[in-house]
Amino acid sequence: MLPLLGETGRLRLVLGRVAVLVASLLAASAIVFWLVNALPGDVAQVMLGNSSDPASVAELRARLGLDRPLLVRYGDWLAGLATGDLGHSAFTGEAVGGLVARPLTVTFWLVALGTLGSLVVAVPAGLWAAHRRRHWDGFAVNALSQVGMAVPAFLAGIALVLLFAVNLRWLPANGYVSFGSDPAGWFRTMLLPVVSISVIQGAALTRYVRSAFVEVGTSDHIRTARSIGWGRLSALWRHGRREASLQVVTVLGLQVAAGFAGAIVVEQVFVLPGLGSMLMNAVASRDLMVVQSVVMVLVAIVLVVMALLDLSYVALDPRLRTRRDGRGGQ
Amino acid sequence: MGQNSWGRTQLGRRSLIAGVAAAAVVAAAGCSTSKTGEQPSSSNPGRSLFIGAVTMPETFDLVTNNDAAIPQVLLYNVYETLVKIDGDGQLRPLLATAWTVSDDRLTYTFTLQSGAKFASGTPVNAEAVMKSLNLLRQTGNAVIKARHQMVETIGATDDKTLTVTLSKPSQEWLYSLTSSSGVVIDPEGFTTLATKPMGSGPFAFDSWNKGSDITLVRNGSYWGTGTRFDKVTWRYFKDANAMNAAMLSGDLDIISNVAAPQTLPQFSDPAKFTVLEGTTNGEVVLGFNHDTPALKNLKLRQAICHAIDRQAVIDTVWGGKGTLIGSMVPPTDPWYEDLSNTYPYDVEKAKQLVAESGIKNPTLRLRVPSLPYATGAVQLLTSQLKAAGITLKSDVLEFPGRWLDVVYTKGDYDLTIVAHVESHDLGNWANPKYYWHYDNPTFQALMAEADASDEQTAIEKYKQAAKILADDAAADFLFLLPNLIVTKPDIHGVSPNATSLSFDLTTVTSKLT
């Protein structure tokens, strides 16, 4: 039995988790900075291209401040990050904070809608597979999810493009239209990428949902619920979903984190101007400030999601709360 | 508790129903938007133009940045020049209606188009052109500065007359005005070069979604015969298959250059697509590092050239499309000669030359950039040279970052493969500091003489210079990149040949507009 936490205990839990988060962010910034700056080649050379001479490259390096020692540049960058200043692109001089806004929006909606879609697929499918686990249709759902897990998202994407864009011509093959300029266009361009993420992530999630419900289904309180007349499916849903959700939320959190990485592949297939393509361009052209700041934003998102996940257990698991603000607090 | 649970179950059921309803609405919306969305694009495709291209500019500042992706969009379309080059490689008037050259070839007098103005409304007068040329030669990148190095004075004689004096005669100078080195920039746009290019062309810059597309709009107050397209959107695809899918699904009107030529048969239905095949200025050069001791040996260089079956290279790496050239000159230049048979494919001859070279078991490092035409040729070249007794050790360097650092700047290579897409880049061979380190005084003298001569003499001298490169086996000129354009059948006026870095939209029309 877990110890019950009072108000101060909960506060300590939250503060402790936040301290870990800040320390992880600092460590990550150091690693990101040194890795990115260890890339061979430099932006001044790339900007001037294959008709440059060493003198003009050196001059441009100086103008961009790349001739300063690494440690000074790291300090500057960190100080900027602390105040929300992500630095400036070497190519255009634009603020990275402004540059990253649009790609971040694209990737955010891709991951958010993809995750939502995977839940829409996985929760009913997993529940059904658990409920009918000794029947042919339960097996079928399970087998299908196995197949879905084996298919890479980009392959699903290409198949969707061939069917819905090239053959049927219902939807654009790829590209992006911002919601602000054309909501219908935004929907049309986002539909296939979101579906391909939903199906593939949903397949993996279905298996977790199924096993969580199977496990819950064998517990005493479900048996009790059955004995007082609840049907098997409604007992699982009514009395088992909170317990099952603990496991599912853990997997979901990991999937959201992995989703940002996986989105890069889907962005490539659908030519979406998200963080992935921004990062690839910036790495190729050695626009290091953009690379390190965008990577740092991604790392921060993952770390924050992880922290929120840990804290969500407090909300989901009544055993981590006091009796007073537990059940009665609703 | 029973009642409570009943209530909760009801709620659960209601939210489930709501969820199903929402899904149905989403599905219905999907159908209806796809139908309504399809109609405008099929009934009126000419009003906006969608063009697919590969390399996206990272900035629009073509004064400091030498990226070919910038003039592809901006040159002639947004920025105009005094003179332009047409699809046959001829000089044509643009902002200058006429120009005269003094007898000593040192003074150029340009008469400007009357009524020409920038999209902002500011007139394009001699003063504005002077300011722009000064900006280019004073703050431009190394290429631009080199092209203007012989300029002594630029003066506005009157509103419509511009006079430029040179310190030495130069054929190339006038020609360089057709490129990024000669763009006439709105003085208001000097401070926004990187993000908002401002010129006098038939299109004006509209918006730039970094990472996906660039939109130009019609310049409503264009001084000449304007375009009928309201809007042109450039979309960028790193993946050739994604670009093809966009064309096949009808999202694109034009593919500016097919990035994977072996996929061209997908567009073979003439009712749906028009395919144009022309030439570019892109010489794919197997470059030799002339600082490498073994490559100072003419016999070994000749052996390499004899050992390579260049037609097989084209078939392997570029789907059989491309032109054999044999030197650094594309067919659209007036001094072009077919030199592709200087060292025909002949393995026995190659073996014999290796033996004559006196180099035992020559081994060379082939360090190629991570670009399809280069990486695709590595296997083939390795086996072809192996047959002649020359061993290649190859690696792939990420382009541009690593390749520029290792090969271009540090010269740490023996052989490399790069397409040189600039026009009139024969002159690169006259620079011993360039990454080939080719130092041939006869060639250099000839190039200098050609530049200082009148047009006819220049053509003869450039021809001789190109022949020297071929005979001297200064490099193996593998092939010339083809210009492979796919358009919807209603699109007309696209020039098959790319004679400049511009994708010239000024002549493009759609029959429905």
# chains A, B, ... in the order shown; residues from 1 in each chain; ligands from 1
$ residues_around --residues "Ala203 of chain A" --least-positions-apart "3" --cutoff "10 Å" --atoms "only C-alpha atoms" --output "VMD selection string"
chain A and resid 118 to 119 121 to 122 125 to 126 141 to 151 197 to 200 206 to 208
$ write_last_selection --atoms "C-alpha atoms" --output "CSV table (one decimal), in the first residue's frame"
chain,number,residue,atom,x,y,z
A,118,SER,CA,-4.6,6.8,-32.4
A,119,LEU,CA,-6.7,6.9,-29.2
A,121,VAL,CA,-8.6,3.8,-33.0
A,122,ALA,CA,-7.0,2.1,-30.1
A,125,ALA,CA,-10.4,-1.7,-30.7
A,126,GLY,CA,-8.3,-2.6,-27.6
A,141,VAL,CA,-8.1,-7.1,-34.0
A,142,ASN,CA,-5.0,-8.4,-32.3
A,143,ALA,CA,-3.5,-9.7,-35.5
A,144,LEU,CA,-4.4,-6.5,-37.4
A,145,SER,CA,-2.6,-4.4,-34.8
A,146,GLN,CA,0.4,-6.7,-35.1
A,147,VAL,CA,0.5,-6.0,-38.9
A,148,GLY,CA,0.0,-2.3,-38.3
A,149,MET,CA,3.0,-2.2,-35.9
A,150,ALA,CA,5.2,-3.8,-38.5
A,151,VAL,CA,4.4,-1.2,-41.2
A,197,ILE,CA,0.2,8.5,-37.9
A,198,SER,CA,-3.1,7.5,-36.3
A,199,VAL,CA,-3.2,4.1,-37.9
A,200,ILE,CA,0.3,3.2,-37.2
A,206,THR,CA,-4.3,-1.1,-29.3
A,207,ARG,CA,-2.1,-3.8,-28.0
A,208,TYR,CA,-1.4,-1.9,-24.8
$ residues_around --residues "Lys349 of chain B" --least-positions-apart "2" --cutoff "10 Å" --atoms "only C-alpha atoms" --output "compact mmCIF listing (two decimals) with C-alpha atoms, in the first residue's frame"
# COMPACT_ATOMS: atom_id res chain seq x y z
CA GLN B 302 44.54 10.63 -70.39
CA ALA B 303 44.34 7.02 -69.21
CA HIS B 306 40.05 6.68 -72.04
CA ALA B 307 38.95 4.27 -69.31
CA TYR B 343 39.46 10.52 -75.53
CA PRO B 344 37.00 7.84 -76.67
CA TYR B 345 36.25 4.88 -74.40
CA ASP B 346 39.14 2.45 -75.01
CA VAL B 347 40.28 0.20 -72.19
CA LYS B 351 46.02 0.33 -69.90
CA GLN B 352 48.80 1.25 -72.27
CA LEU B 353 48.80 4.88 -71.06
CA VAL B 354 48.91 3.75 -67.41
CA ALA B 355 52.01 1.68 -68.28
CA ALA B 388 42.30 -0.14 -66.81
$ closest_residue --among "A:Leu11, A:Met280, A:Ala38, A:Ala90" --to "Arg61 of chain A" --atoms "only C-alpha atoms"
A:Ala90
$ interface_residues --of "chain A" --to "chain B" --cutoff "8 Å" --atoms "only C-alpha atoms" --output "PDB file with C-alpha atoms, in the first residue's frame"
ATOM      1  CA  PRO A  40      32.284  19.582 -39.655  1.00  0.00           C
ATOM      2  CA  GLY A  41      31.986  22.451 -42.134  1.00  0.00           C
ATOM      3  CA  ASP A  42      30.657  25.896 -41.399  1.00  0.00           C
ATOM      4  CA  VAL A  43      27.858  28.215 -42.338  1.00  0.00           C
ATOM      5  CA  GLN A  45      31.506  28.507 -46.283  1.00  0.00           C
ATOM      6  CA  VAL A  46      28.058  27.201 -47.195  1.00  0.00           C
ATOM      7  CA  MET A  47      26.651  30.720 -47.584  1.00  0.00           C
ATOM      8  CA  LEU A  48      29.409  31.754 -49.948  1.00  0.00           C
ATOM      9  CA  GLY A  49      29.228  28.499 -51.882  1.00  0.00           C
ATOM     10  CA  ASN A  50      31.686  26.964 -54.293  1.00  0.00           C
ATOM     11  CA  SER A  51      33.053  30.202 -55.685  1.00  0.00           C
ATOM     12  CA  SER A  52      34.388  31.735 -52.507  1.00  0.00           C
ATOM     13  CA  ASP A  53      37.872  32.619 -51.344  1.00  0.00           C
ATOM     14  CA  PRO A  54      39.274  32.105 -47.816  1.00  0.00           C
ATOM     15  CA  SER A  56      35.731  36.449 -47.617  1.00  0.00           C
ATOM     16  CA  PHE A  91      21.336  33.170 -43.322  1.00  0.00           C
ATOM     17  CA  THR A  92      18.666  35.803 -42.920  1.00  0.00           C
ATOM     18  CA  LEU A  99      11.188  31.141 -37.523  1.00  0.00           C
ATOM     19  CA  VAL A 161      -0.838   9.178 -51.356  1.00  0.00           C
ATOM     20  CA  LEU A 162      -0.984   6.692 -54.213  1.00  0.00           C
ATOM     21  CA  ALA A 165      -4.070  11.617 -54.378  1.00  0.00           C
ATOM     22  CA  VAL A 166      -2.614   9.974 -57.483  1.00  0.00           C
ATOM     23  CA  ASN A 167      -5.392   7.510 -58.314  1.00  0.00           C
ATOM     24  CA  ARG A 169      -7.396  12.608 -56.846  1.00  0.00           C
ATOM     25  CA  TRP A 170      -9.567  13.371 -53.808  1.00  0.00           C
ATOM     26  CA  LEU A 171      -6.830  14.975 -51.785  1.00  0.00           C
ATOM     27  CA  PRO A 172      -3.564  16.802 -52.510  1.00  0.00           C
ATOM     28  CA  ALA A 173      -0.540  14.471 -52.601  1.00  0.00           C
ATOM     29  CA  ASN A 174       1.436  16.615 -50.201  1.00  0.00           C
ATOM     30  CA  GLY A 175       2.144  20.194 -49.202  1.00  0.00           C
ATOM     31  CA  TYR A 176       0.703  22.460 -46.555  1.00  0.00           C
ATOM     32  CA  ALA A 184     -10.581  23.685 -45.706  1.00  0.00           C
ATOM     33  CA  GLY A 185      -7.210  23.508 -47.418  1.00  0.00           C
ATOM     34  CA  ARG A 188      -7.267  18.545 -46.774  1.00  0.00           C
ATOM     35  CA  ARG A 238     -17.194   1.337 -16.090  1.00  0.00           C
ATOM     36  CA  GLN A 268       9.193  14.201 -45.401  1.00  0.00           C
ATOM     37  CA  VAL A 269       6.649  11.987 -47.150  1.00  0.00           C
ATOM     38  CA  PHE A 270       3.971  14.690 -47.148  1.00  0.00           C
ATOM     39  CA  VAL A 271       6.350  17.634 -47.619  1.00  0.00           C
ATOM     40  CA  LEU A 272       5.005  19.359 -44.512  1.00  0.00           C
ATOM     41  CA  PRO A 273       7.025  22.364 -43.331  1.00  0.00           C
ATOM     42  CA  GLY A 274       7.316  21.111 -39.775  1.00  0.00           C
ATOM     43  CA  SER A 277      12.171  19.617 -42.439  1.00  0.00           C
ATOM     44  CA  MET A 278      13.298  22.844 -40.785  1.00  0.00           C
ATOM     45  CA  ASN A 281      17.535  22.204 -43.918  1.00  0.00           C
ATOM     46  CA  ALA A 284      22.475  20.810 -44.266  1.00  0.00           C
ATOM     47  CA  SER A 285      23.247  24.510 -44.456  1.00  0.00           C
ATOM     48  CA  ARG A 286      25.042  24.532 -41.080  1.00  0.00           C
TER      49      ARG A 286
END
$ select_by_dssp --residues "segment 161-309 of chain A" --states "helix (DSSP H, G or I)" --output "ChimeraX atom specification"
/A:161-167,183-217,220-227,232-270,275-284,288-309
$ closest_atom_pairs --of "segment 394-503 of chain B" --to "segment 378-382 of chain B" --cutoff "10 Å" --atoms "only C-alpha atoms" --output "JSON lines"
{"residue": "B:Ser394", "atom": "CA", "partner": "B:Val378", "partner_atom": "CA", "distance": 7.3}
{"residue": "B:Asp395", "atom": "CA", "partner": "B:Val378", "partner_atom": "CA", "distance": 8.8}
{"residue": "B:Val396", "atom": "CA", "partner": "B:Val378", "partner_atom": "CA", "distance": 9.2}
{"residue": "B:Thr416", "atom": "CA", "partner": "B:Val378", "partner_atom": "CA", "distance": 9.8}
{"residue": "B:Ile417", "atom": "CA", "partner": "B:Val378", "partner_atom": "CA", "distance": 9.2}
$ write_last_selection --atoms "C-alpha atoms" --output "PDB file, in the first residue's frame"
ATOM      1  CA  SER B 394      35.842   6.339 -52.622  1.00  0.00           C
ATOM      2  CA  ASP B 395      33.851   8.021 -49.907  1.00  0.00           C
ATOM      3  CA  VAL B 396      30.772  10.231 -49.864  1.00  0.00           C
ATOM      4  CA  THR B 416      35.624  14.473 -57.130  1.00  0.00           C
ATOM      5  CA  ILE B 417      32.405  14.909 -59.093  1.00  0.00           C
TER       6      ILE B 417
END
$ closest_residue --among "B:Pro334, B:Phe479, B:Asp425, B:Leu339" --to "Ala458 of chain B" --atoms "only C-alpha atoms"
B:Pro334
$ residues_around --residues "Val36 of chain A" --least-positions-apart "5" --cutoff "8 Å" --atoms "only C-alpha atoms" --output "list in words"
Leu288, Val291 and Gln292 of chain A
$ closest_residue --among "A:Gly97, A:Arg133, A:Asp67, A:Ala27" --to "Ala44 of chain A" --atoms "only C-alpha atoms"
A:Asp67
$ residues_around --residues "Leu95 of chain B" --least-positions-apart "5" --cutoff "10 Å" --atoms "only C-alpha atoms" --output "list in words"
Glu80, Thr81, Leu82, Val83, Lys84, Phe110, Thr111, Leu112, Gln113, Ser114, Ala116, Lys117, Val124, Asn125, Val129, Val184, Ser200, Gly201 and Gly224 of chain B
$ residues_around --residues "Ile325 of chain B" --least-positions-apart "2" --cutoff "9 Å" --atoms "only C-alpha atoms" --output "VMD selection string"
chain B and resid 283 323 327 to 331 336 to 341 477 to 480
$ residues_around --residues "segment 75-81 of chain A" --least-positions-apart "5" --cutoff "8 Å" --atoms "only C-alpha atoms" --output "ChimeraX atom specification"
/A:29,86-87
$ atom_distance --atom1 "atom CA of Val151 of chain B" --atom2 "atom CA of Thr100 of chain B"
16.1 Å
$ closest_residue --among "B:Ala466, B:Ile485, B:Ile214, B:Ala475" --to "Phe273 of chain B" --atoms "only C-alpha atoms"
B:Ile485
$ residues_around --residues "segment 212-214 of chain A" --least-positions-apart "3" --cutoff "7 Å" --atoms "only C-alpha atoms" --output "mmCIF file with N, CA and C atoms, in the first residue's frame"
data_model
loop_
_atom_site.group_PDB
_atom_site.id
_atom_site.type_symbol
_atom_site.label_atom_id
_atom_site.label_comp_id
_atom_site.auth_asym_id
_atom_site.auth_seq_id
_atom_site.Cartn_x
_atom_site.Cartn_y
_atom_site.Cartn_z
ATOM 1 N N LEU A 127 -10.340 -2.378 -26.289
ATOM 2 C CA LEU A 127 -11.370 -2.833 -25.360
ATOM 3 C C LEU A 127 -12.095 -4.043 -25.947
ATOM 4 N N ALA A 130 -9.937 -7.106 -25.900
ATOM 5 C CA ALA A 130 -9.830 -7.684 -24.555
ATOM 6 C C ALA A 130 -11.113 -8.435 -24.208
ATOM 7 N N TYR A 208 -1.521 -2.272 -26.214
ATOM 8 C CA TYR A 208 -1.390 -1.895 -24.804
ATOM 9 C C TYR A 208 -2.750 -1.788 -24.134
ATOM 10 N N VAL A 209 -3.694 -1.178 -24.865
ATOM 11 C CA VAL A 209 -5.041 -1.030 -24.309
ATOM 12 C C VAL A 209 -5.622 -2.412 -24.034
ATOM 13 N N GLY A 217 -9.369 -7.093 -16.230
ATOM 14 C CA GLY A 217 -10.522 -7.984 -16.290
ATOM 15 C C GLY A 217 -10.430 -9.149 -15.306
ATOM 16 N N THR A 218 -9.224 -9.518 -14.892
ATOM 17 C CA THR A 218 -9.055 -10.650 -13.977
ATOM 18 C C THR A 218 -9.074 -10.201 -12.517
ATOM 19 N N LEU A 236 -15.981 -3.832 -17.621
ATOM 20 C CA LEU A 236 -14.604 -3.443 -17.974
ATOM 21 C C LEU A 236 -14.510 -1.934 -18.164
ATOM 22 N N GLY A 240 -13.165 -0.614 -14.963
ATOM 23 C CA GLY A 240 -11.778 -0.968 -15.260
ATOM 24 C C GLY A 240 -10.995 0.114 -15.975
ATOM 25 N N ALA A 244 -6.936 0.767 -16.065
ATOM 26 C CA ALA A 244 -6.274 0.479 -17.344
ATOM 27 C C ALA A 244 -5.597 1.732 -17.892
ATOM 28 N N GLN A 247 -1.763 2.444 -17.255
ATOM 29 C CA GLN A 247 -0.794 1.826 -18.167
ATOM 30 C C GLN A 247 -0.798 2.518 -19.515
#
$ closest_residue --among "B:Lys145, B:His290, B:Ser179, B:Trp99" --to "Pro71 of chain B" --atoms "only C-alpha atoms"
B:Ser179
$ atom_distance --atom1 "atom CA of Lys410 of chain B" --atom2 "atom CA of Leu446 of chain B"
28.3 Å
$ decode --residues "segment 44-75 of chain A" --atoms "N, CA and C atoms" --output "compact mmCIF listing (two decimals), in the first residue's frame"
# COMPACT_ATOMS: atom_id res chain seq x y z
N ALA A 44 29.50 29.92 -42.92
CA ALA A 44 30.04 30.97 -43.78
C ALA A 44 30.45 30.37 -45.12
N GLN A 45 31.09 29.20 -45.06
CA GLN A 45 31.51 28.51 -46.28
C GLN A 45 30.30 28.13 -47.13
N VAL A 46 29.26 27.61 -46.46
CA VAL A 46 28.06 27.20 -47.20
C VAL A 46 27.37 28.41 -47.83
N MET A 47 27.32 29.52 -47.07
CA MET A 47 26.65 30.72 -47.58
C MET A 47 27.35 31.26 -48.82
N LEU A 48 28.67 31.19 -48.83
CA LEU A 48 29.41 31.75 -49.95
C LEU A 48 29.54 30.77 -51.09
N GLY A 49 29.32 29.49 -50.81
CA GLY A 49 29.23 28.50 -51.88
C GLY A 49 30.55 28.14 -52.52
N ASN A 50 30.46 27.50 -53.70
CA ASN A 50 31.69 26.96 -54.29
C ASN A 50 32.36 27.95 -55.24
N SER A 51 32.29 29.23 -54.92
CA SER A 51 33.05 30.20 -55.68
C SER A 51 33.66 31.22 -54.73
N SER A 52 33.93 30.78 -53.52
CA SER A 52 34.39 31.73 -52.51
C SER A 52 35.90 31.68 -52.36
N ASP A 53 36.46 32.67 -51.67
CA ASP A 53 37.87 32.62 -51.34
C ASP A 53 38.01 32.70 -49.82
N PRO A 54 39.13 32.20 -49.27
CA PRO A 54 39.27 32.10 -47.82
C PRO A 54 39.09 33.44 -47.09
N ALA A 55 39.53 34.54 -47.74
CA ALA A 55 39.44 35.84 -47.07
C ALA A 55 37.98 36.22 -46.81
N SER A 56 37.12 36.04 -47.82
CA SER A 56 35.73 36.45 -47.62
C SER A 56 35.02 35.51 -46.65
N VAL A 57 35.44 34.23 -46.61
CA VAL A 57 34.85 33.31 -45.64
C VAL A 57 35.21 33.76 -44.22
N ALA A 58 36.49 34.12 -44.03
CA ALA A 58 36.94 34.56 -42.70
C ALA A 58 36.20 35.83 -42.27
N GLU A 59 36.01 36.73 -43.24
CA GLU A 59 35.33 37.99 -42.95
C GLU A 59 33.88 37.73 -42.51
N LEU A 60 33.22 36.81 -43.23
CA LEU A 60 31.83 36.50 -42.90
C LEU A 60 31.74 35.80 -41.54
N ARG A 61 32.70 34.92 -41.26
CA ARG A 61 32.72 34.24 -39.96
C ARG A 61 32.80 35.27 -38.83
N ALA A 62 33.65 36.26 -39.03
CA ALA A 62 33.82 37.28 -38.01
C ALA A 62 32.52 38.07 -37.85
N ARG A 63 31.89 38.40 -39.00
CA ARG A 63 30.66 39.18 -38.96
C ARG A 63 29.55 38.41 -38.22
N LEU A 64 29.54 37.08 -38.37
CA LEU A 64 28.53 36.26 -37.72
C LEU A 64 28.90 35.92 -36.27
N GLY A 65 30.10 36.33 -35.87
CA GLY A 65 30.53 36.06 -34.50
C GLY A 65 30.98 34.63 -34.28
N LEU A 66 31.31 33.94 -35.38
CA LEU A 66 31.70 32.53 -35.25
C LEU A 66 33.17 32.38 -34.88
N ASP A 67 33.91 33.49 -34.83
CA ASP A 67 35.33 33.39 -34.49
C ASP A 67 35.54 33.45 -32.97
N ARG A 68 34.46 33.65 -32.21
CA ARG A 68 34.59 33.71 -30.76
C ARG A 68 34.74 32.30 -30.18
N PRO A 69 35.35 32.19 -28.98
CA PRO A 69 35.54 30.86 -28.39
C PRO A 69 34.19 30.17 -28.13
N LEU A 70 34.22 28.83 -28.20
CA LEU A 70 33.02 28.03 -28.02
C LEU A 70 32.30 28.34 -26.71
N LEU A 71 33.09 28.46 -25.64
CA LEU A 71 32.49 28.63 -24.31
C LEU A 71 31.71 29.94 -24.23
N VAL A 72 32.27 30.98 -24.85
CA VAL A 72 31.60 32.29 -24.88
C VAL A 72 30.27 32.17 -25.63
N ARG A 73 30.32 31.45 -26.78
CA ARG A 73 29.11 31.30 -27.57
C ARG A 73 28.06 30.48 -26.82
N TYR A 74 28.53 29.47 -26.07
CA TYR A 74 27.60 28.66 -25.28
C TYR A 74 26.94 29.52 -24.20
N GLY A 75 27.75 30.33 -23.52
CA GLY A 75 27.23 31.20 -22.48
C GLY A 75 26.19 32.17 -23.02
